[in-house]
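S.K.: Here you go, entry.cif (mmCIF, N, CA and C atoms):
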data_target
#
loop_
_atom_site.label_atom_id
_atom_site.label_comp_id
_atom_site.auth_asym_id
_atom_site.auth_seq_id
_atom_site.Cartn_x
_atom_site.Cartn_y
_atom_site.Cartn_z
N MET A 804 -12.94 23.37 -27.49
CA MET A 804 -12.61 23.81 -26.15
C MET A 804 -11.67 22.80 -25.50
N GLU A 805 -10.66 23.28 -24.81
CA GLU A 805 -9.68 22.42 -24.15
C GLU A 805 -9.77 22.57 -22.64
N ILE A 806 -9.46 21.47 -21.97
CA ILE A 806 -9.32 21.48 -20.52
C ILE A 806 -7.86 21.19 -20.24
N LYS A 807 -7.20 22.03 -19.44
CA LYS A 807 -5.80 21.82 -19.09
C LYS A 807 -5.66 21.88 -17.58
N PHE A 808 -4.83 20.98 -17.05
CA PHE A 808 -4.50 21.06 -15.63
C PHE A 808 -3.15 20.41 -15.40
N LYS A 809 -2.50 20.86 -14.34
CA LYS A 809 -1.23 20.28 -13.93
C LYS A 809 -1.54 19.21 -12.89
N ALA A 810 -0.84 18.11 -12.99
CA ALA A 810 -1.05 17.00 -12.05
C ALA A 810 0.31 16.50 -11.57
N ILE A 811 0.28 15.76 -10.47
CA ILE A 811 1.49 15.19 -9.89
C ILE A 811 1.32 13.68 -9.82
N ILE A 812 2.38 12.96 -10.16
CA ILE A 812 2.35 11.50 -10.07
C ILE A 812 2.50 11.12 -8.61
N THR A 813 1.51 10.41 -8.08
CA THR A 813 1.55 10.02 -6.68
C THR A 813 1.75 8.53 -6.47
N SER A 814 1.57 7.76 -7.53
CA SER A 814 1.72 6.31 -7.38
C SER A 814 2.13 5.71 -8.72
N LYS A 815 2.98 4.72 -8.62
CA LYS A 815 3.42 3.98 -9.81
C LYS A 815 3.55 2.54 -9.34
N SER A 816 2.77 1.63 -9.94
CA SER A 816 2.80 0.24 -9.48
C SER A 816 2.70 -0.72 -10.65
N VAL A 817 3.20 -1.92 -10.43
CA VAL A 817 3.15 -2.99 -11.43
C VAL A 817 1.86 -3.77 -11.21
N TYR A 818 1.22 -4.16 -12.32
CA TYR A 818 0.00 -4.97 -12.23
C TYR A 818 0.09 -6.13 -13.21
N ASN A 819 -0.68 -7.17 -12.95
CA ASN A 819 -0.80 -8.31 -13.85
C ASN A 819 -2.08 -8.16 -14.65
N ASP A 820 -1.97 -8.18 -15.98
CA ASP A 820 -3.17 -8.05 -16.79
C ASP A 820 -3.83 -9.43 -17.00
N PRO A 821 -5.06 -9.47 -17.48
CA PRO A 821 -5.78 -10.74 -17.61
C PRO A 821 -5.15 -11.73 -18.58
N THR A 822 -4.27 -11.26 -19.48
CA THR A 822 -3.64 -12.17 -20.45
C THR A 822 -2.33 -12.75 -19.93
N GLY A 823 -1.98 -12.42 -18.69
CA GLY A 823 -0.75 -12.95 -18.10
C GLY A 823 0.45 -12.03 -18.22
N GLY A 824 0.28 -10.90 -18.88
CA GLY A 824 1.38 -9.95 -19.00
C GLY A 824 1.43 -9.02 -17.80
N LYS A 825 2.45 -8.20 -17.80
CA LYS A 825 2.60 -7.21 -16.74
C LYS A 825 2.46 -5.82 -17.33
N GLY A 826 2.15 -4.89 -16.47
CA GLY A 826 2.03 -3.50 -16.90
C GLY A 826 2.33 -2.57 -15.75
N VAL A 827 2.23 -1.27 -16.02
CA VAL A 827 2.49 -0.24 -15.01
C VAL A 827 1.27 0.67 -14.93
N LYS A 828 0.81 0.89 -13.70
CA LYS A 828 -0.31 1.81 -13.45
C LYS A 828 0.27 3.07 -12.83
N ILE A 829 -0.09 4.23 -13.40
CA ILE A 829 0.37 5.53 -12.92
C ILE A 829 -0.85 6.32 -12.47
N GLU A 830 -0.81 6.83 -11.24
CA GLU A 830 -1.92 7.64 -10.71
C GLU A 830 -1.51 9.11 -10.65
N LEU A 831 -2.40 9.96 -11.16
CA LEU A 831 -2.16 11.40 -11.18
C LEU A 831 -3.19 12.11 -10.30
N VAL A 832 -2.72 13.08 -9.53
CA VAL A 832 -3.62 13.91 -8.71
C VAL A 832 -3.35 15.37 -9.00
N GLU A 833 -4.33 16.19 -8.72
CA GLU A 833 -4.18 17.63 -8.84
C GLU A 833 -4.18 18.22 -7.44
N GLU A 834 -3.28 19.14 -7.17
CA GLU A 834 -3.25 19.82 -5.88
C GLU A 834 -4.07 21.09 -5.98
N LYS A 835 -5.00 21.24 -5.04
CA LYS A 835 -5.83 22.44 -5.00
C LYS A 835 -5.69 23.09 -3.63
N ASP A 836 -5.86 24.41 -3.61
CA ASP A 836 -5.81 25.13 -2.33
C ASP A 836 -7.00 24.71 -1.48
N LEU A 837 -6.72 24.49 -0.22
CA LEU A 837 -7.76 24.13 0.73
C LEU A 837 -8.52 25.39 1.11
N PRO A 838 -9.85 25.39 0.91
CA PRO A 838 -10.60 26.59 1.28
C PRO A 838 -10.59 26.78 2.79
N PRO A 839 -10.66 28.01 3.24
CA PRO A 839 -10.66 28.24 4.68
C PRO A 839 -11.95 27.73 5.30
N PRO A 840 -11.90 27.34 6.58
CA PRO A 840 -13.12 26.87 7.23
C PRO A 840 -14.12 28.02 7.36
N VAL A 841 -15.39 27.67 7.25
CA VAL A 841 -16.45 28.66 7.36
C VAL A 841 -17.17 28.42 8.68
N VAL A 842 -17.19 29.43 9.52
CA VAL A 842 -17.85 29.33 10.82
C VAL A 842 -18.82 30.50 10.92
N MET A 843 -20.05 30.17 11.25
CA MET A 843 -21.06 31.22 11.42
C MET A 843 -21.47 31.26 12.89
N SER A 844 -21.49 32.44 13.44
CA SER A 844 -21.94 32.58 14.82
C SER A 844 -22.66 33.91 14.98
N ARG A 845 -23.49 33.95 15.99
CA ARG A 845 -24.23 35.18 16.27
C ARG A 845 -24.10 35.51 17.74
N GLY A 846 -24.26 36.74 18.05
CA GLY A 846 -24.27 37.15 19.44
C GLY A 846 -22.89 37.38 20.00
N GLU A 847 -22.76 37.15 21.31
CA GLU A 847 -21.51 37.48 22.00
C GLU A 847 -20.35 36.57 21.61
N GLY A 848 -20.59 35.40 21.06
CA GLY A 848 -19.51 34.49 20.65
C GLY A 848 -18.78 34.95 19.41
N SER A 849 -19.32 35.93 18.69
CA SER A 849 -18.72 36.39 17.44
C SER A 849 -17.31 36.92 17.64
N ASP A 850 -17.10 37.70 18.68
CA ASP A 850 -15.76 38.25 18.93
C ASP A 850 -14.78 37.14 19.25
N LEU A 851 -15.22 36.16 20.01
CA LEU A 851 -14.35 35.02 20.34
C LEU A 851 -13.98 34.25 19.07
N MET A 852 -14.93 34.04 18.16
CA MET A 852 -14.66 33.31 16.92
C MET A 852 -13.65 34.05 16.05
N LYS A 853 -13.69 35.37 16.06
CA LYS A 853 -12.72 36.14 15.28
C LYS A 853 -11.31 35.89 15.80
N ASP A 854 -11.18 35.71 17.10
CA ASP A 854 -9.87 35.44 17.69
C ASP A 854 -9.42 34.00 17.46
N VAL A 855 -10.37 33.06 17.39
CA VAL A 855 -10.06 31.63 17.29
C VAL A 855 -9.84 31.19 15.84
N MET A 856 -10.43 31.88 14.88
CA MET A 856 -10.35 31.46 13.47
C MET A 856 -8.93 31.28 12.95
N PRO A 857 -7.97 32.15 13.23
CA PRO A 857 -6.60 31.89 12.75
C PRO A 857 -6.04 30.57 13.27
N LEU A 858 -6.35 30.23 14.52
CA LEU A 858 -5.89 28.98 15.10
C LEU A 858 -6.54 27.78 14.40
N ILE A 859 -7.84 27.87 14.14
CA ILE A 859 -8.55 26.78 13.44
C ILE A 859 -7.96 26.60 12.04
N SER A 860 -7.67 27.68 11.34
CA SER A 860 -7.09 27.59 9.99
C SER A 860 -5.74 26.88 10.02
N GLN A 861 -4.92 27.17 11.03
CA GLN A 861 -3.61 26.51 11.13
C GLN A 861 -3.78 25.02 11.41
N ILE A 862 -4.74 24.66 12.25
CA ILE A 862 -4.97 23.24 12.56
C ILE A 862 -5.42 22.50 11.31
N VAL A 863 -6.33 23.08 10.55
CA VAL A 863 -6.83 22.44 9.33
C VAL A 863 -5.68 22.23 8.34
N GLN A 864 -4.79 23.21 8.21
CA GLN A 864 -3.67 23.08 7.28
C GLN A 864 -2.66 22.03 7.73
N ALA A 865 -2.63 21.73 9.02
CA ALA A 865 -1.68 20.75 9.54
C ALA A 865 -2.22 19.32 9.51
N LEU A 866 -3.46 19.12 9.10
CA LEU A 866 -4.03 17.77 9.05
C LEU A 866 -3.23 16.91 8.08
N PRO A 867 -3.14 15.59 8.35
CA PRO A 867 -2.28 14.73 7.53
C PRO A 867 -2.68 14.61 6.07
N PHE A 868 -3.95 14.78 5.72
CA PHE A 868 -4.35 14.65 4.32
C PHE A 868 -4.18 15.94 3.54
N THR A 869 -3.69 16.98 4.20
CA THR A 869 -3.40 18.23 3.50
C THR A 869 -1.90 18.45 3.51
N ARG A 870 -1.42 19.16 2.51
CA ARG A 870 0.00 19.47 2.45
C ARG A 870 0.15 20.96 2.26
N GLY A 871 0.50 21.65 3.33
CA GLY A 871 0.74 23.10 3.24
C GLY A 871 -0.48 23.87 2.78
N GLY A 872 -1.65 23.52 3.28
CA GLY A 872 -2.86 24.22 2.88
C GLY A 872 -3.41 23.77 1.54
N LYS A 873 -2.94 22.64 1.05
CA LYS A 873 -3.42 22.10 -0.23
C LYS A 873 -4.00 20.71 0.01
N VAL A 874 -4.93 20.36 -0.83
CA VAL A 874 -5.54 19.03 -0.77
C VAL A 874 -5.36 18.38 -2.14
N THR A 875 -5.18 17.07 -2.17
CA THR A 875 -4.99 16.37 -3.44
C THR A 875 -6.31 15.77 -3.90
N VAL A 876 -6.59 15.94 -5.19
CA VAL A 876 -7.81 15.45 -5.80
C VAL A 876 -7.42 14.45 -6.89
N PRO A 877 -7.87 13.18 -6.79
CA PRO A 877 -7.55 12.20 -7.85
C PRO A 877 -8.10 12.68 -9.19
N ARG A 878 -7.27 12.59 -10.24
CA ARG A 878 -7.70 13.05 -11.55
C ARG A 878 -7.63 12.00 -12.65
N LEU A 879 -6.58 11.16 -12.66
CA LEU A 879 -6.40 10.29 -13.81
C LEU A 879 -5.54 9.09 -13.43
N MET A 880 -5.88 7.92 -14.01
CA MET A 880 -5.03 6.73 -13.88
C MET A 880 -4.66 6.29 -15.30
N ILE A 881 -3.41 5.97 -15.48
CA ILE A 881 -2.92 5.52 -16.78
C ILE A 881 -2.45 4.07 -16.62
N TRP A 882 -2.94 3.20 -17.48
CA TRP A 882 -2.55 1.79 -17.45
C TRP A 882 -1.73 1.53 -18.72
N LEU A 883 -0.45 1.20 -18.56
CA LEU A 883 0.44 0.94 -19.68
C LEU A 883 0.86 -0.52 -19.67
N SER A 884 0.92 -1.11 -20.85
CA SER A 884 1.47 -2.47 -20.93
C SER A 884 2.98 -2.40 -20.70
N GLU A 885 3.59 -3.55 -20.50
CA GLU A 885 5.03 -3.58 -20.28
C GLU A 885 5.79 -3.03 -21.49
N ASP A 886 5.31 -3.36 -22.69
CA ASP A 886 5.95 -2.85 -23.91
C ASP A 886 5.81 -1.33 -24.01
N GLU A 887 4.62 -0.82 -23.69
CA GLU A 887 4.42 0.64 -23.74
C GLU A 887 5.32 1.34 -22.72
N TRP A 888 5.42 0.77 -21.52
CA TRP A 888 6.28 1.34 -20.48
C TRP A 888 7.74 1.36 -20.94
N ASP A 889 8.19 0.27 -21.58
CA ASP A 889 9.57 0.19 -22.04
C ASP A 889 9.87 1.26 -23.10
N LYS A 890 8.89 1.60 -23.92
CA LYS A 890 9.08 2.60 -24.98
C LYS A 890 9.07 4.03 -24.45
N LEU A 891 8.50 4.23 -23.28
CA LEU A 891 8.34 5.57 -22.73
C LEU A 891 9.68 6.10 -22.23
N GLU A 892 10.14 7.23 -22.78
CA GLU A 892 11.38 7.87 -22.35
C GLU A 892 11.16 9.37 -22.29
N PRO A 893 11.54 10.03 -21.25
CA PRO A 893 12.06 9.49 -20.01
C PRO A 893 10.93 8.88 -19.19
N LYS A 894 11.27 7.97 -18.32
CA LYS A 894 10.28 7.30 -17.47
C LYS A 894 9.82 8.27 -16.37
N PRO A 895 8.51 8.46 -16.26
CA PRO A 895 8.02 9.33 -15.19
C PRO A 895 8.17 8.66 -13.83
N ASP A 896 8.32 9.47 -12.78
CA ASP A 896 8.50 8.93 -11.45
C ASP A 896 7.58 9.66 -10.48
N ILE A 897 7.41 9.09 -9.31
CA ILE A 897 6.56 9.68 -8.28
C ILE A 897 7.10 11.07 -7.94
N GLY A 898 6.19 12.03 -7.87
CA GLY A 898 6.56 13.41 -7.59
C GLY A 898 6.72 14.27 -8.82
N ASP A 899 6.83 13.66 -9.99
CA ASP A 899 6.95 14.43 -11.23
C ASP A 899 5.65 15.16 -11.53
N GLU A 900 5.79 16.36 -12.09
CA GLU A 900 4.62 17.13 -12.50
C GLU A 900 4.38 16.91 -13.98
N VAL A 901 3.11 16.75 -14.35
CA VAL A 901 2.74 16.56 -15.74
C VAL A 901 1.64 17.55 -16.10
N GLU A 902 1.50 17.81 -17.39
CA GLU A 902 0.41 18.65 -17.86
C GLU A 902 -0.55 17.77 -18.65
N VAL A 903 -1.82 17.83 -18.30
CA VAL A 903 -2.85 17.05 -18.97
C VAL A 903 -3.72 18.01 -19.77
N THR A 904 -3.92 17.68 -21.06
CA THR A 904 -4.77 18.48 -21.93
C THR A 904 -5.84 17.56 -22.50
N ILE A 905 -7.09 17.96 -22.36
CA ILE A 905 -8.20 17.16 -22.87
C ILE A 905 -9.00 18.03 -23.84
N SER A 906 -9.18 17.52 -25.05
CA SER A 906 -10.02 18.21 -26.03
C SER A 906 -11.12 17.24 -26.46
N SER A 907 -11.95 17.66 -27.39
CA SER A 907 -13.07 16.82 -27.79
C SER A 907 -12.64 15.52 -28.47
N SER A 908 -11.44 15.48 -29.02
CA SER A 908 -11.02 14.27 -29.72
C SER A 908 -9.68 13.70 -29.26
N LYS A 909 -9.08 14.28 -28.21
CA LYS A 909 -7.73 13.85 -27.84
C LYS A 909 -7.44 14.13 -26.37
N VAL A 910 -6.67 13.22 -25.76
CA VAL A 910 -6.13 13.43 -24.42
C VAL A 910 -4.62 13.42 -24.56
N SER A 911 -3.97 14.45 -24.04
CA SER A 911 -2.52 14.57 -24.15
C SER A 911 -1.92 14.73 -22.75
N ILE A 912 -0.86 13.97 -22.49
CA ILE A 912 -0.18 14.06 -21.20
C ILE A 912 1.29 14.34 -21.47
N SER A 913 1.78 15.44 -20.95
CA SER A 913 3.18 15.82 -21.18
C SER A 913 3.97 15.58 -19.90
N PHE A 914 4.84 14.57 -19.95
CA PHE A 914 5.74 14.31 -18.82
C PHE A 914 6.93 15.24 -19.00
N ARG A 915 7.39 15.82 -17.90
CA ARG A 915 8.51 16.75 -17.98
C ARG A 915 9.75 16.13 -17.41
#
What is this structure when it is put down as structure tokens?

M.R.:
Amino acid sequence: MEIKFKAIITSKSVYNDPTGGKGVKIELVEEKDLPPPVVMSRGEGSDLMKDVMPLISQIVQALPFTRGGKVTVPRLMIWLSEDEWDKLEPKPDIGDEVEVTISSSKVSISFR
């Protein structure tokens, strides 16, 4: 059985490893649709809530941690040595989309 998902590179930074070398850390996130807010009401307020719900949905989508009704979920961090980074062509950059495939014996990341 395989697990596949598309992810976006959100961070790329240089780090110092314990042996004194340098490396590159790449962070991948998955964008998921933000579920609509759930509001339960009873009685006379129900009609008012029906009118207010579209406004609440727009406010939630405009929050700074959401992007166009989507929320980012951290999925994977890749730590590459400086030599590994130098061998990687083409070099991935922030905003690039990648496909991650995980099976019982292998993890595969396809940079596009």

S.K.: If I take CA of Gly823 in chain A and CA of Met880 in chain A, how far is one from the other in Å, to one decimal?

M.R.: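 These atoms are spaced 20.6 Å apart.
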
S.K.: One number please: atom C of Thr875 in chain A to atom N of Glu900 in chain A, in Å, one decimal.

M.R.: 14.6 Å

S.K.: Can you pull out every residue within 8 Å of Ala810 in chain A, counting only N, CA and C atoms, but drop anything in the same chain fewer than 3 positions away, and send it as a list in words?

M.R.: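 Those residues are Lys807, Thr813, Glu830, Leu831, Val832, Glu833, Glu834, Arg878, Gly898, Asp899, Glu900, Val901, Glu902 and Val903 of chain A.
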
S.K.: Quote the spacing between atom N of Lys825 in chain A and atom N of Glu887 in chain A in Å to one decimal place.

M.R.: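 Distance reported for this atom pair: 9.7 Å.
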
S.K.: Please provide the set of residues having any atom within 7 Å of Trp888 in chain A, restricted to only C-alpha atoms, with same-chain residues fewer than 4 positions apart removed, written as a PyMOL selection string.

M.R.: chain A and resi 827+883-884

S.K.: Kindly indicate which residue among A:Leu851, A:Gly826, A:Lys815, A:Lys873 lies nearest to Pro838 in chain A, using all atoms listed in the file for the distances.

M.R.: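 Using all atoms listed in the file, the shortest distance to Pro838 in chain A belongs to A:Lys873.
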
S.K.: Could you check the closest approach to Asp836 in chain A for each of A:Leu891, A:Ile811, A:Val874, A:Ile862 and tell me which residue wins, using only N, CA and C atoms?

M.R.: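 Comparing A:Leu891, A:Ile811, A:Val874, A:Ile862 against Asp836 in chain A, the winner is A:Val874.
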
S.K.: Using all atoms listed in the file for the distances, tell me which of A:Val817, A:Phe914, A:Gly824, A:Leu858 is nearest to Pro895 in chain A.

M.R.: A:Phe914

S.K.: In range 873-913 of chain A, what's strand (DSSP E) per DSSP? Answer as a list of chain:residue names?

M.R.: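 DSSP on the backbone gives strand (DSSP E) at A:Lys873, A:Val874, A:Thr875, A:Val876, A:Pro877, A:Arg878, A:Leu879, A:Met880, A:Ile881, A:Trp882, A:Leu883, A:Ser884, A:Glu900, A:Val901, A:Glu902, A:Val903, A:Thr904, A:Ile905, A:Val910, A:Ser911, A:Ile912, A:Ser913.
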
S.K.: Rank nothing, just name the residue among A:Ser907, A:Asp820, A:Lys828, A:Phe808 nearest to Trp882 in chain A, using only N, CA and C atoms.

M.R.: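 Checking each of A:Ser907, A:Asp820, A:Lys828, A:Phe808 against Trp882 in chain A, counting only N, CA and C atoms, the winner is A:Lys828.
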
S.K.: Choose the residue, out of A:Ser814, A:Pro857, A:Val876, A:Met804, that has the smallest atom-to-atom separation from Lys835 in chain A; count all atoms listed in the file.

M.R.: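 For Lys835 in chain A, the nearest of the given residues is A:Val876.
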
S.K.: With distances taken over only N, CA and C atoms, which residue among A:Lys894, A:Ile806, A:Asn819, A:Asp854 lies nearest Ser906 in chain A?

M.R.: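 Looking at the shortest contact to Ser906 in chain A, the residue is A:Ile806.
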